[in-house]
file start08.txt (compact mmCIF, N, CA and C atoms)
# COMPACT_ATOMS: atom_id res chain seq x y z
N MET E 1 -16.17 58.82 -139.09
CA MET E 1 -14.79 58.66 -139.43
C MET E 1 -13.95 58.38 -138.17
N LEU E 2 -14.25 59.07 -137.12
CA LEU E 2 -13.54 58.86 -135.87
C LEU E 2 -13.78 57.44 -135.36
N GLU E 3 -14.96 56.93 -135.54
CA GLU E 3 -15.28 55.57 -135.13
C GLU E 3 -14.49 54.56 -135.94
N GLU E 4 -14.29 54.80 -137.22
CA GLU E 4 -13.52 53.91 -138.09
C GLU E 4 -12.06 53.84 -137.60
N VAL E 5 -11.51 54.97 -137.24
CA VAL E 5 -10.13 55.02 -136.77
C VAL E 5 -9.99 54.23 -135.47
N ARG E 6 -10.97 54.39 -134.60
CA ARG E 6 -10.95 53.65 -133.33
C ARG E 6 -11.03 52.15 -133.57
N GLN E 7 -11.87 51.74 -134.50
CA GLN E 7 -11.99 50.31 -134.81
C GLN E 7 -10.70 49.77 -135.43
N GLN E 8 -10.10 50.54 -136.30
CA GLN E 8 -8.85 50.11 -136.92
C GLN E 8 -7.72 50.06 -135.88
N ASP E 9 -7.77 50.96 -134.93
CA ASP E 9 -6.75 50.98 -133.88
C ASP E 9 -6.95 49.84 -132.88
N ALA E 10 -8.18 49.37 -132.71
CA ALA E 10 -8.47 48.30 -131.75
C ALA E 10 -7.85 46.97 -132.18
N VAL E 11 -7.77 46.71 -133.48
CA VAL E 11 -7.22 45.44 -133.97
C VAL E 11 -5.74 45.28 -133.58
N PRO E 12 -4.88 46.26 -133.82
CA PRO E 12 -3.48 46.09 -133.40
C PRO E 12 -3.34 46.03 -131.87
N GLN E 13 -4.19 46.74 -131.16
CA GLN E 13 -4.13 46.69 -129.70
C GLN E 13 -4.48 45.29 -129.19
N LYS E 14 -5.49 44.67 -129.79
CA LYS E 14 -5.86 43.31 -129.39
C LYS E 14 -4.73 42.34 -129.71
N ALA E 15 -4.11 42.52 -130.86
CA ALA E 15 -2.99 41.65 -131.25
C ALA E 15 -1.81 41.83 -130.29
N ALA E 16 -1.56 43.06 -129.89
CA ALA E 16 -0.46 43.33 -128.96
C ALA E 16 -0.75 42.72 -127.59
N MET E 17 -1.98 42.81 -127.13
CA MET E 17 -2.36 42.22 -125.84
C MET E 17 -2.25 40.70 -125.90
N GLN E 18 -2.67 40.09 -127.01
CA GLN E 18 -2.56 38.64 -127.17
C GLN E 18 -1.09 38.21 -127.18
N PHE E 19 -0.25 38.98 -127.87
CA PHE E 19 1.18 38.69 -127.90
C PHE E 19 1.77 38.78 -126.50
N LYS E 20 1.36 39.80 -125.74
CA LYS E 20 1.86 39.97 -124.38
C LYS E 20 1.45 38.80 -123.50
N ARG E 21 0.20 38.34 -123.62
CA ARG E 21 -0.27 37.19 -122.85
C ARG E 21 0.52 35.93 -123.22
N ASN E 22 0.72 35.72 -124.50
CA ASN E 22 1.48 34.55 -124.96
C ASN E 22 2.92 34.59 -124.46
N ALA E 23 3.53 35.77 -124.52
CA ALA E 23 4.90 35.92 -124.05
C ALA E 23 4.99 35.64 -122.54
N THR E 24 4.01 36.07 -121.79
CA THR E 24 3.97 35.81 -120.35
C THR E 24 3.85 34.32 -120.08
N ILE E 25 2.99 33.64 -120.81
CA ILE E 25 2.81 32.19 -120.63
C ILE E 25 4.11 31.45 -120.96
N VAL E 26 4.75 31.83 -122.05
CA VAL E 26 6.01 31.19 -122.44
C VAL E 26 7.08 31.44 -121.38
N THR E 27 7.13 32.63 -120.85
CA THR E 27 8.11 32.96 -119.81
C THR E 27 7.90 32.10 -118.57
N TYR E 28 6.65 31.97 -118.12
CA TYR E 28 6.37 31.14 -116.95
C TYR E 28 6.70 29.67 -117.22
N CYS E 29 6.42 29.20 -118.42
CA CYS E 29 6.76 27.81 -118.78
C CYS E 29 8.27 27.60 -118.74
N LEU E 30 9.03 28.55 -119.26
CA LEU E 30 10.49 28.43 -119.24
C LEU E 30 11.02 28.45 -117.81
N ILE E 31 10.46 29.29 -116.98
CA ILE E 31 10.87 29.33 -115.57
C ILE E 31 10.57 27.98 -114.91
N GLY E 32 9.42 27.42 -115.21
CA GLY E 32 9.07 26.10 -114.66
C GLY E 32 10.03 25.01 -115.11
N VAL E 33 10.40 25.02 -116.39
CA VAL E 33 11.34 24.02 -116.90
C VAL E 33 12.71 24.18 -116.24
N VAL E 34 13.16 25.40 -116.10
CA VAL E 34 14.46 25.65 -115.44
C VAL E 34 14.41 25.16 -114.00
N LEU E 35 13.33 25.41 -113.30
CA LEU E 35 13.21 24.93 -111.92
C LEU E 35 13.21 23.41 -111.85
N LEU E 36 12.52 22.77 -112.77
CA LEU E 36 12.52 21.29 -112.80
C LEU E 36 13.93 20.75 -113.07
N ILE E 37 14.66 21.37 -113.97
CA ILE E 37 16.03 20.95 -114.25
C ILE E 37 16.89 21.15 -113.00
N PHE E 38 16.73 22.27 -112.33
CA PHE E 38 17.50 22.54 -111.12
C PHE E 38 17.21 21.50 -110.04
N ILE E 39 15.94 21.19 -109.83
CA ILE E 39 15.56 20.21 -108.81
C ILE E 39 16.11 18.83 -109.18
N GLY E 40 16.03 18.47 -110.45
CA GLY E 40 16.58 17.19 -110.90
C GLY E 40 18.08 17.12 -110.69
N GLN E 41 18.77 18.18 -111.04
CA GLN E 41 20.22 18.23 -110.86
C GLN E 41 20.58 18.14 -109.37
N PHE E 42 19.83 18.82 -108.54
CA PHE E 42 20.05 18.78 -107.10
C PHE E 42 19.90 17.37 -106.57
N SER E 43 18.82 16.71 -106.97
CA SER E 43 18.57 15.37 -106.44
C SER E 43 19.57 14.35 -106.97
N LEU E 44 20.09 14.54 -108.16
CA LEU E 44 21.05 13.59 -108.73
C LEU E 44 22.47 13.79 -108.21
N THR E 45 22.83 15.00 -107.85
CA THR E 45 24.22 15.24 -107.46
C THR E 45 24.40 15.54 -105.98
N LEU E 46 23.59 16.38 -105.42
CA LEU E 46 23.83 16.81 -104.05
C LEU E 46 23.25 15.88 -102.99
N LEU E 47 22.11 15.27 -103.23
CA LEU E 47 21.52 14.41 -102.21
C LEU E 47 22.40 13.22 -101.86
N PRO E 48 23.02 12.52 -102.82
CA PRO E 48 23.93 11.44 -102.43
C PRO E 48 25.12 11.93 -101.60
N VAL E 49 25.63 13.09 -101.91
CA VAL E 49 26.75 13.65 -101.14
C VAL E 49 26.28 13.96 -99.72
N ILE E 50 25.11 14.54 -99.59
CA ILE E 50 24.57 14.87 -98.27
C ILE E 50 24.37 13.60 -97.45
N ARG E 51 23.83 12.55 -98.08
CA ARG E 51 23.64 11.28 -97.36
C ARG E 51 24.98 10.69 -96.91
N SER E 52 25.99 10.75 -97.77
CA SER E 52 27.30 10.22 -97.40
C SER E 52 27.90 11.00 -96.24
N ILE E 53 27.75 12.30 -96.25
CA ILE E 53 28.28 13.12 -95.15
C ILE E 53 27.53 12.82 -93.86
N GLN E 54 26.22 12.60 -93.96
CA GLN E 54 25.46 12.24 -92.76
C GLN E 54 25.92 10.89 -92.21
N THR E 55 26.22 9.94 -93.11
CA THR E 55 26.73 8.64 -92.68
C THR E 55 28.07 8.81 -91.99
N LEU E 56 28.94 9.66 -92.54
CA LEU E 56 30.23 9.94 -91.88
C LEU E 56 30.02 10.55 -90.50
N GLN E 57 29.09 11.44 -90.40
CA GLN E 57 28.83 12.10 -89.12
C GLN E 57 28.34 11.08 -88.08
N ILE E 58 27.43 10.21 -88.47
CA ILE E 58 26.90 9.20 -87.54
C ILE E 58 28.01 8.24 -87.13
N GLY E 59 28.82 7.80 -88.10
CA GLY E 59 29.92 6.89 -87.79
C GLY E 59 30.97 7.51 -86.90
N ALA E 60 31.29 8.77 -87.16
CA ALA E 60 32.27 9.46 -86.31
C ALA E 60 31.75 9.58 -84.89
N ALA E 61 30.46 9.80 -84.74
CA ALA E 61 29.87 9.87 -83.40
C ALA E 61 29.96 8.51 -82.71
N LYS E 62 29.72 7.44 -83.45
CA LYS E 62 29.82 6.09 -82.86
C LYS E 62 31.26 5.80 -82.43
N LEU E 63 32.23 6.14 -83.29
CA LEU E 63 33.63 5.96 -82.90
C LEU E 63 33.95 6.80 -81.67
N GLY E 64 33.45 8.02 -81.65
CA GLY E 64 33.70 8.91 -80.52
C GLY E 64 33.10 8.41 -79.22
N MET E 65 32.01 7.64 -79.31
CA MET E 65 31.37 7.10 -78.11
C MET E 65 32.02 5.78 -77.67
N GLY E 66 33.04 5.34 -78.41
CA GLY E 66 33.77 4.15 -77.97
C GLY E 66 33.50 2.90 -78.76
N ASP E 67 32.65 2.94 -79.77
CA ASP E 67 32.40 1.77 -80.61
C ASP E 67 33.51 1.66 -81.64
N LEU E 68 34.65 1.12 -81.19
CA LEU E 68 35.82 1.08 -82.06
C LEU E 68 35.73 0.00 -83.13
N CYS E 69 34.72 -0.83 -83.07
CA CYS E 69 34.52 -1.86 -84.11
C CYS E 69 33.60 -1.38 -85.23
N TYR E 70 33.10 -0.17 -85.11
CA TYR E 70 32.22 0.35 -86.17
C TYR E 70 33.05 0.59 -87.43
N ARG E 71 32.49 0.19 -88.57
CA ARG E 71 33.15 0.41 -89.85
C ARG E 71 32.16 1.08 -90.81
N PHE E 72 32.68 1.99 -91.58
CA PHE E 72 31.88 2.73 -92.55
C PHE E 72 31.66 1.88 -93.80
N GLN E 73 30.48 1.92 -94.33
CA GLN E 73 30.14 1.23 -95.58
C GLN E 73 29.68 2.27 -96.61
N ILE E 74 30.62 3.00 -97.14
CA ILE E 74 30.29 4.04 -98.13
C ILE E 74 30.97 3.67 -99.44
N GLN E 75 30.19 3.53 -100.49
CA GLN E 75 30.71 3.16 -101.81
C GLN E 75 30.30 4.24 -102.82
N THR E 76 30.99 5.35 -102.79
CA THR E 76 30.64 6.44 -103.70
C THR E 76 31.66 6.64 -104.81
N GLY E 77 32.87 6.08 -104.64
CA GLY E 77 33.90 6.23 -105.65
C GLY E 77 34.52 7.62 -105.70
N ASP E 78 34.39 8.37 -104.61
CA ASP E 78 34.95 9.72 -104.60
C ASP E 78 35.74 9.94 -103.31
N GLU E 79 36.00 11.20 -103.01
CA GLU E 79 36.78 11.55 -101.83
C GLU E 79 36.09 11.15 -100.54
N ILE E 80 34.79 11.13 -100.55
CA ILE E 80 34.05 10.75 -99.33
C ILE E 80 34.30 9.28 -99.02
N GLU E 81 34.35 8.43 -100.04
CA GLU E 81 34.67 7.02 -99.82
C GLU E 81 36.09 6.87 -99.27
N LYS E 82 37.02 7.65 -99.81
CA LYS E 82 38.40 7.60 -99.31
C LYS E 82 38.46 8.05 -97.85
N LEU E 83 37.70 9.07 -97.51
CA LEU E 83 37.65 9.54 -96.13
C LEU E 83 37.07 8.45 -95.22
N ALA E 84 36.04 7.77 -95.68
CA ALA E 84 35.45 6.68 -94.90
C ALA E 84 36.47 5.56 -94.69
N GLN E 85 37.25 5.25 -95.70
CA GLN E 85 38.30 4.23 -95.55
C GLN E 85 39.34 4.66 -94.52
N GLU E 86 39.68 5.94 -94.52
CA GLU E 86 40.63 6.46 -93.53
C GLU E 86 40.05 6.36 -92.12
N PHE E 87 38.77 6.65 -91.99
CA PHE E 87 38.11 6.49 -90.69
C PHE E 87 38.16 5.02 -90.26
N ASN E 88 37.93 4.11 -91.20
CA ASN E 88 37.98 2.69 -90.88
C ASN E 88 39.37 2.29 -90.40
N GLN E 89 40.40 2.77 -91.08
CA GLN E 89 41.77 2.47 -90.66
C GLN E 89 42.05 3.07 -89.28
N MET E 90 41.55 4.26 -89.05
CA MET E 90 41.71 4.90 -87.75
C MET E 90 41.03 4.07 -86.67
N GLY E 91 39.84 3.55 -86.95
CA GLY E 91 39.13 2.72 -85.98
C GLY E 91 39.91 1.46 -85.64
N VAL E 92 40.50 0.83 -86.66
CA VAL E 92 41.32 -0.37 -86.41
C VAL E 92 42.50 -0.02 -85.53
N LYS E 93 43.21 1.05 -85.85
CA LYS E 93 44.38 1.46 -85.06
C LYS E 93 43.99 1.83 -83.63
N LEU E 94 42.87 2.54 -83.48
CA LEU E 94 42.41 2.90 -82.13
C LEU E 94 42.06 1.66 -81.32
N ALA E 95 41.38 0.71 -81.96
CA ALA E 95 41.01 -0.52 -81.26
C ALA E 95 42.25 -1.28 -80.83
N GLU E 96 43.24 -1.38 -81.73
CA GLU E 96 44.48 -2.06 -81.39
C GLU E 96 45.19 -1.36 -80.24
N SER E 97 45.30 -0.05 -80.32
CA SER E 97 45.97 0.72 -79.27
C SER E 97 45.24 0.59 -77.94
N TYR E 98 43.93 0.64 -77.97
CA TYR E 98 43.15 0.54 -76.74
C TYR E 98 43.32 -0.83 -76.11
N LEU E 99 43.25 -1.86 -76.93
CA LEU E 99 43.38 -3.22 -76.39
C LEU E 99 44.79 -3.45 -75.85
N GLN E 100 45.79 -2.90 -76.49
CA GLN E 100 47.16 -3.02 -75.97
C GLN E 100 47.31 -2.23 -74.67
N PHE E 101 46.65 -1.10 -74.60
CA PHE E 101 46.73 -0.26 -73.41
C PHE E 101 46.14 -0.95 -72.19
N ILE E 102 45.00 -1.60 -72.38
CA ILE E 102 44.36 -2.26 -71.23
C ILE E 102 44.91 -3.65 -71.00
N GLY E 103 45.84 -4.10 -71.85
CA GLY E 103 46.52 -5.36 -71.62
C GLY E 103 45.77 -6.57 -72.14
N THR E 104 44.80 -6.36 -73.00
CA THR E 104 44.06 -7.45 -73.59
C THR E 104 44.68 -7.80 -74.92
N GLU E 105 44.63 -9.08 -75.25
CA GLU E 105 45.18 -9.49 -76.54
C GLU E 105 44.33 -8.89 -77.66
N VAL E 106 45.00 -8.51 -78.73
CA VAL E 106 44.33 -7.86 -79.85
C VAL E 106 43.46 -8.88 -80.58
N THR E 107 42.20 -8.56 -80.68
CA THR E 107 41.25 -9.41 -81.43
C THR E 107 40.63 -8.57 -82.53
N SER E 108 40.18 -9.23 -83.51
CA SER E 108 39.56 -8.52 -84.63
C SER E 108 38.10 -8.21 -84.31
N CYS E 109 37.61 -7.09 -84.78
CA CYS E 109 36.22 -6.69 -84.56
C CYS E 109 35.29 -7.42 -85.48
call {"tool": "encode", "arguments": {"input": "start08.txt", "output": "structure tokens"}}
result
Amino acid sequence: MLEEVRQQDAVPQKAAMQFKRNATIVTYCLIGVVLLIFIGQFSLTLLPVIRSIQTLQIGAAKLGMGDLCYRFQIQTGDEIEKLAQEFNQMGVKLAESYLQFIGTEVTSC
């Protein structure tokens, strides 16, 4: 009789263990899907912004080293593009001021 009870008790225990394994697998799959969505979102939104900021940084360094004819080519349709346009206008004004200062006729870059 004791053996019968143990056998009857083993069936629900096996079912519970199987359910626990399945729940663990589903949890890991959901975590994987969330990570894939996060990585996709990162690459679609943040990487272009990072590249634009790096382009601004490189261009600002070129302007700072005296390349007053350098112009930014950023077409993002956002504030970064507007900032690049402002840098371009600043470069034009600096070039004009510098050429007037040294007494050279203003020429276009």
call {"tool": "select_by_dssp", "arguments": {"input": "start08.txt", "residues": "chain E", "states": "helix (DSSP H, G or I)", "output": "PyMOL selection string"}}
result
chain E and resi 2-64+79-101
call {"tool": "atom_distance", "arguments": {"input": "start08.txt", "atom1": "atom N of Pro12 of chain E", "atom2": "atom N of Thr24 of chain E"}}
result
18.1 Å
call {"tool": "closest_residue", "arguments": {"input": "start08.txt", "among": "E:Gln57, E:Gly103, E:Asn88, E:Asp9", "to": "Phe72 of chain E", "atoms": "only N, CA and C atoms"}}
result
E:Asn88
call {"tool": "atom_distance", "arguments": {"input": "start08.txt", "atom1": "atom C of Phe87 of chain E", "atom2": "atom CA of Arg71 of chain E"}}
result
6.8 Å
call {"tool": "closest_residue", "arguments": {"input": "start08.txt", "among": "E:Val49, E:Ala95, E:Ala10, E:Ala84", "to": "Cys69 of chain E", "atoms": "all atoms listed in the file"}}
result
E:Ala95
call {"tool": "closest_residue", "arguments": {"input": "start08.txt", "among": "E:Ile80, E:Leu68, E:Thr104, E:Tyr28", "to": "Val92 of chain E", "atoms": "only N, CA and C atoms"}}
result
E:Leu68
call {"tool": "atom_distance", "arguments": {"input": "start08.txt", "atom1": "atom N of Gln73 of chain E", "atom2": "atom CA of Thr55 of chain E"}}
result
7.9 Å
call {"tool": "decode", "arguments": {"input": "start08.txt", "residues": "segment 36-72 of chain E", "atoms": "N, CA and C atoms", "output": "PDB file, in the first residue's frame"}}
result
ATOM      1  N   LEU E  36      16.733  40.912 -28.126  1.00  0.00           N
ATOM      2  CA  LEU E  36      16.788  41.164 -29.574  1.00  0.00           C
ATOM      3  C   LEU E  36      16.056  42.454 -29.936  1.00  0.00           C
ATOM      4  N   ILE E  37      14.908  42.695 -29.330  1.00  0.00           N
ATOM      5  CA  ILE E  37      14.170  43.933 -29.575  1.00  0.00           C
ATOM      6  C   ILE E  37      14.999  45.130 -29.106  1.00  0.00           C
ATOM      7  N   PHE E  38      15.614  45.020 -27.957  1.00  0.00           N
ATOM      8  CA  PHE E  38      16.439  46.108 -27.433  1.00  0.00           C
ATOM      9  C   PHE E  38      17.610  46.406 -28.365  1.00  0.00           C
ATOM     10  N   ILE E  39      18.288  45.376 -28.832  1.00  0.00           N
ATOM     11  CA  ILE E  39      19.429  45.560 -29.726  1.00  0.00           C
ATOM     12  C   ILE E  39      18.968  46.178 -31.044  1.00  0.00           C
ATOM     13  N   GLY E  40      17.837  45.720 -31.564  1.00  0.00           N
ATOM     14  CA  GLY E  40      17.295  46.298 -32.795  1.00  0.00           C
ATOM     15  C   GLY E  40      16.938  47.758 -32.624  1.00  0.00           C
ATOM     16  N   GLN E  41      16.296  48.077 -31.526  1.00  0.00           N
ATOM     17  CA  GLN E  41      15.927  49.470 -31.243  1.00  0.00           C
ATOM     18  C   GLN E  41      17.176  50.338 -31.101  1.00  0.00           C
ATOM     19  N   PHE E  42      18.185  49.818 -30.444  1.00  0.00           N
ATOM     20  CA  PHE E  42      19.442  50.545 -30.276  1.00  0.00           C
ATOM     21  C   PHE E  42      20.077  50.841 -31.624  1.00  0.00           C
ATOM     22  N   SER E  43      20.139  49.827 -32.474  1.00  0.00           N
ATOM     23  CA  SER E  43      20.801  50.029 -33.760  1.00  0.00           C
ATOM     24  C   SER E  43      20.001  50.936 -34.683  1.00  0.00           C
ATOM     25  N   LEU E  44      18.688  50.959 -34.557  1.00  0.00           N
ATOM     26  CA  LEU E  44      17.867  51.805 -35.421  1.00  0.00           C
ATOM     27  C   LEU E  44      17.809  53.259 -34.964  1.00  0.00           C
ATOM     28  N   THR E  45      17.941  53.506 -33.678  1.00  0.00           N
ATOM     29  CA  THR E  45      17.771  54.874 -33.195  1.00  0.00           C
ATOM     30  C   THR E  45      19.063  55.510 -32.698  1.00  0.00           C
ATOM     31  N   LEU E  46      19.833  54.813 -31.920  1.00  0.00           N
ATOM     32  CA  LEU E  46      20.988  55.440 -31.301  1.00  0.00           C
ATOM     33  C   LEU E  46      22.241  55.458 -32.172  1.00  0.00           C
ATOM     34  N   LEU E  47      22.471  54.432 -32.965  1.00  0.00           N
ATOM     35  CA  LEU E  47      23.693  54.404 -33.769  1.00  0.00           C
ATOM     36  C   LEU E  47      23.762  55.551 -34.774  1.00  0.00           C
ATOM     37  N   PRO E  48      22.677  55.903 -35.486  1.00  0.00           N
ATOM     38  CA  PRO E  48      22.771  57.068 -36.370  1.00  0.00           C
ATOM     39  C   PRO E  48      23.072  58.366 -35.619  1.00  0.00           C
ATOM     40  N   VAL E  49      22.525  58.515 -34.444  1.00  0.00           N
ATOM     41  CA  VAL E  49      22.798  59.716 -33.638  1.00  0.00           C
ATOM     42  C   VAL E  49      24.268  59.739 -33.229  1.00  0.00           C
ATOM     43  N   ILE E  50      24.786  58.604 -32.814  1.00  0.00           N
ATOM     44  CA  ILE E  50      26.188  58.520 -32.404  1.00  0.00           C
ATOM     45  C   ILE E  50      27.101  58.855 -33.586  1.00  0.00           C
ATOM     46  N   ARG E  51      26.775  58.324 -34.773  1.00  0.00           N
ATOM     47  CA  ARG E  51      27.586  58.625 -35.960  1.00  0.00           C
ATOM     48  C   ARG E  51      27.545  60.117 -36.289  1.00  0.00           C
ATOM     49  N   SER E  52      26.372  60.733 -36.190  1.00  0.00           N
ATOM     50  CA  SER E  52      26.255  62.162 -36.475  1.00  0.00           C
ATOM     51  C   SER E  52      27.068  62.985 -35.489  1.00  0.00           C
ATOM     52  N   ILE E  53      27.037  62.607 -34.231  1.00  0.00           N
ATOM     53  CA  ILE E  53      27.812  63.337 -33.219  1.00  0.00           C
ATOM     54  C   ILE E  53      29.309  63.162 -33.464  1.00  0.00           C
ATOM     55  N   GLN E  54      29.713  61.965 -33.881  1.00  0.00           N
ATOM     56  CA  GLN E  54      31.127  61.753 -34.203  1.00  0.00           C
ATOM     57  C   GLN E  54      31.540  62.616 -35.400  1.00  0.00           C
ATOM     58  N   THR E  55      30.650  62.739 -36.397  1.00  0.00           N
ATOM     59  CA  THR E  55      30.935  63.592 -37.551  1.00  0.00           C
ATOM     60  C   THR E  55      31.076  65.040 -37.108  1.00  0.00           C
ATOM     61  N   LEU E  56      30.196  65.491 -36.213  1.00  0.00           N
ATOM     62  CA  LEU E  56      30.310  66.850 -35.672  1.00  0.00           C
ATOM     63  C   LEU E  56      31.633  67.046 -34.940  1.00  0.00           C
ATOM     64  N   GLN E  57      32.025  66.064 -34.183  1.00  0.00           N
ATOM     65  CA  GLN E  57      33.268  66.163 -33.422  1.00  0.00           C
ATOM     66  C   GLN E  57      34.468  66.263 -34.365  1.00  0.00           C
ATOM     67  N   ILE E  58      34.500  65.444 -35.402  1.00  0.00           N
ATOM     68  CA  ILE E  58      35.607  65.469 -36.357  1.00  0.00           C
ATOM     69  C   ILE E  58      35.639  66.809 -37.089  1.00  0.00           C
ATOM     70  N   GLY E  59      34.465  67.283 -37.523  1.00  0.00           N
ATOM     71  CA  GLY E  59      34.399  68.560 -38.224  1.00  0.00           C
ATOM     72  C   GLY E  59      34.803  69.730 -37.354  1.00  0.00           C
ATOM     73  N   ALA E  60      34.368  69.714 -36.103  1.00  0.00           N
ATOM     74  CA  ALA E  60      34.750  70.785 -35.184  1.00  0.00           C
ATOM     75  C   ALA E  60      36.259  70.792 -34.972  1.00  0.00           C
ATOM     76  N   ALA E  61      36.856  69.621 -34.919  1.00  0.00           N
ATOM     77  CA  ALA E  61      38.315  69.545 -34.775  1.00  0.00           C
ATOM     78  C   ALA E  61      39.002  70.116 -36.014  1.00  0.00           C
ATOM     79  N   LYS E  62      38.467  69.822 -37.195  1.00  0.00           N
ATOM     80  CA  LYS E  62      39.054  70.367 -38.434  1.00  0.00           C
ATOM     81  C   LYS E  62      38.937  71.888 -38.457  1.00  0.00           C
ATOM     82  N   LEU E  63      37.767  72.413 -38.084  1.00  0.00           N
ATOM     83  CA  LEU E  63      37.615  73.869 -38.013  1.00  0.00           C
ATOM     84  C   LEU E  63      38.589  74.453 -36.995  1.00  0.00           C
ATOM     85  N   GLY E  64      38.721  73.782 -35.872  1.00  0.00           N
ATOM     86  CA  GLY E  64      39.626  74.257 -34.825  1.00  0.00           C
ATOM     87  C   GLY E  64      41.085  74.247 -35.243  1.00  0.00           C
ATOM     88  N   MET E  65      41.451  73.355 -36.166  1.00  0.00           N
ATOM     89  CA  MET E  65      42.832  73.293 -36.652  1.00  0.00           C
ATOM     90  C   MET E  65      43.072  74.275 -37.800  1.00  0.00           C
ATOM     91  N   GLY E  66      42.037  75.035 -38.174  1.00  0.00           N
ATOM     92  CA  GLY E  66      42.243  76.065 -39.182  1.00  0.00           C
ATOM     93  C   GLY E  66      41.680  75.762 -40.550  1.00  0.00           C
ATOM     94  N   ASP E  67      41.057  74.620 -40.745  1.00  0.00           N
ATOM     95  CA  ASP E  67      40.446  74.296 -42.036  1.00  0.00           C
ATOM     96  C   ASP E  67      39.083  74.973 -42.103  1.00  0.00           C
ATOM     97  N   LEU E  68      39.108  76.269 -42.417  1.00  0.00           N
ATOM     98  CA  LEU E  68      37.871  77.050 -42.393  1.00  0.00           C
ATOM     99  C   LEU E  68      36.977  76.776 -43.593  1.00  0.00           C
ATOM    100  N   CYS E  69      37.453  76.015 -44.551  1.00  0.00           N
ATOM    101  CA  CYS E  69      36.629  75.648 -45.716  1.00  0.00           C
ATOM    102  C   CYS E  69      35.896  74.325 -45.509  1.00  0.00           C
ATOM    103  N   TYR E  70      36.129  73.688 -44.377  1.00  0.00           N
ATOM    104  CA  TYR E  70      35.435  72.417 -44.115  1.00  0.00           C
ATOM    105  C   TYR E  70      33.945  72.683 -43.916  1.00  0.00           C
ATOM    106  N   ARG E  71      33.115  71.842 -44.523  1.00  0.00           N
ATOM    107  CA  ARG E  71      31.670  71.951 -44.364  1.00  0.00           C
ATOM    108  C   ARG E  71      31.109  70.589 -43.968  1.00  0.00           C
ATOM    109  N   PHE E  72      30.149  70.624 -43.086  1.00  0.00           N
ATOM    110  CA  PHE E  72      29.503  69.415 -42.591  1.00  0.00           C
ATOM    111  C   PHE E  72      28.476  68.928 -43.609  1.00  0.00           C
TER     112      PHE E  72
END
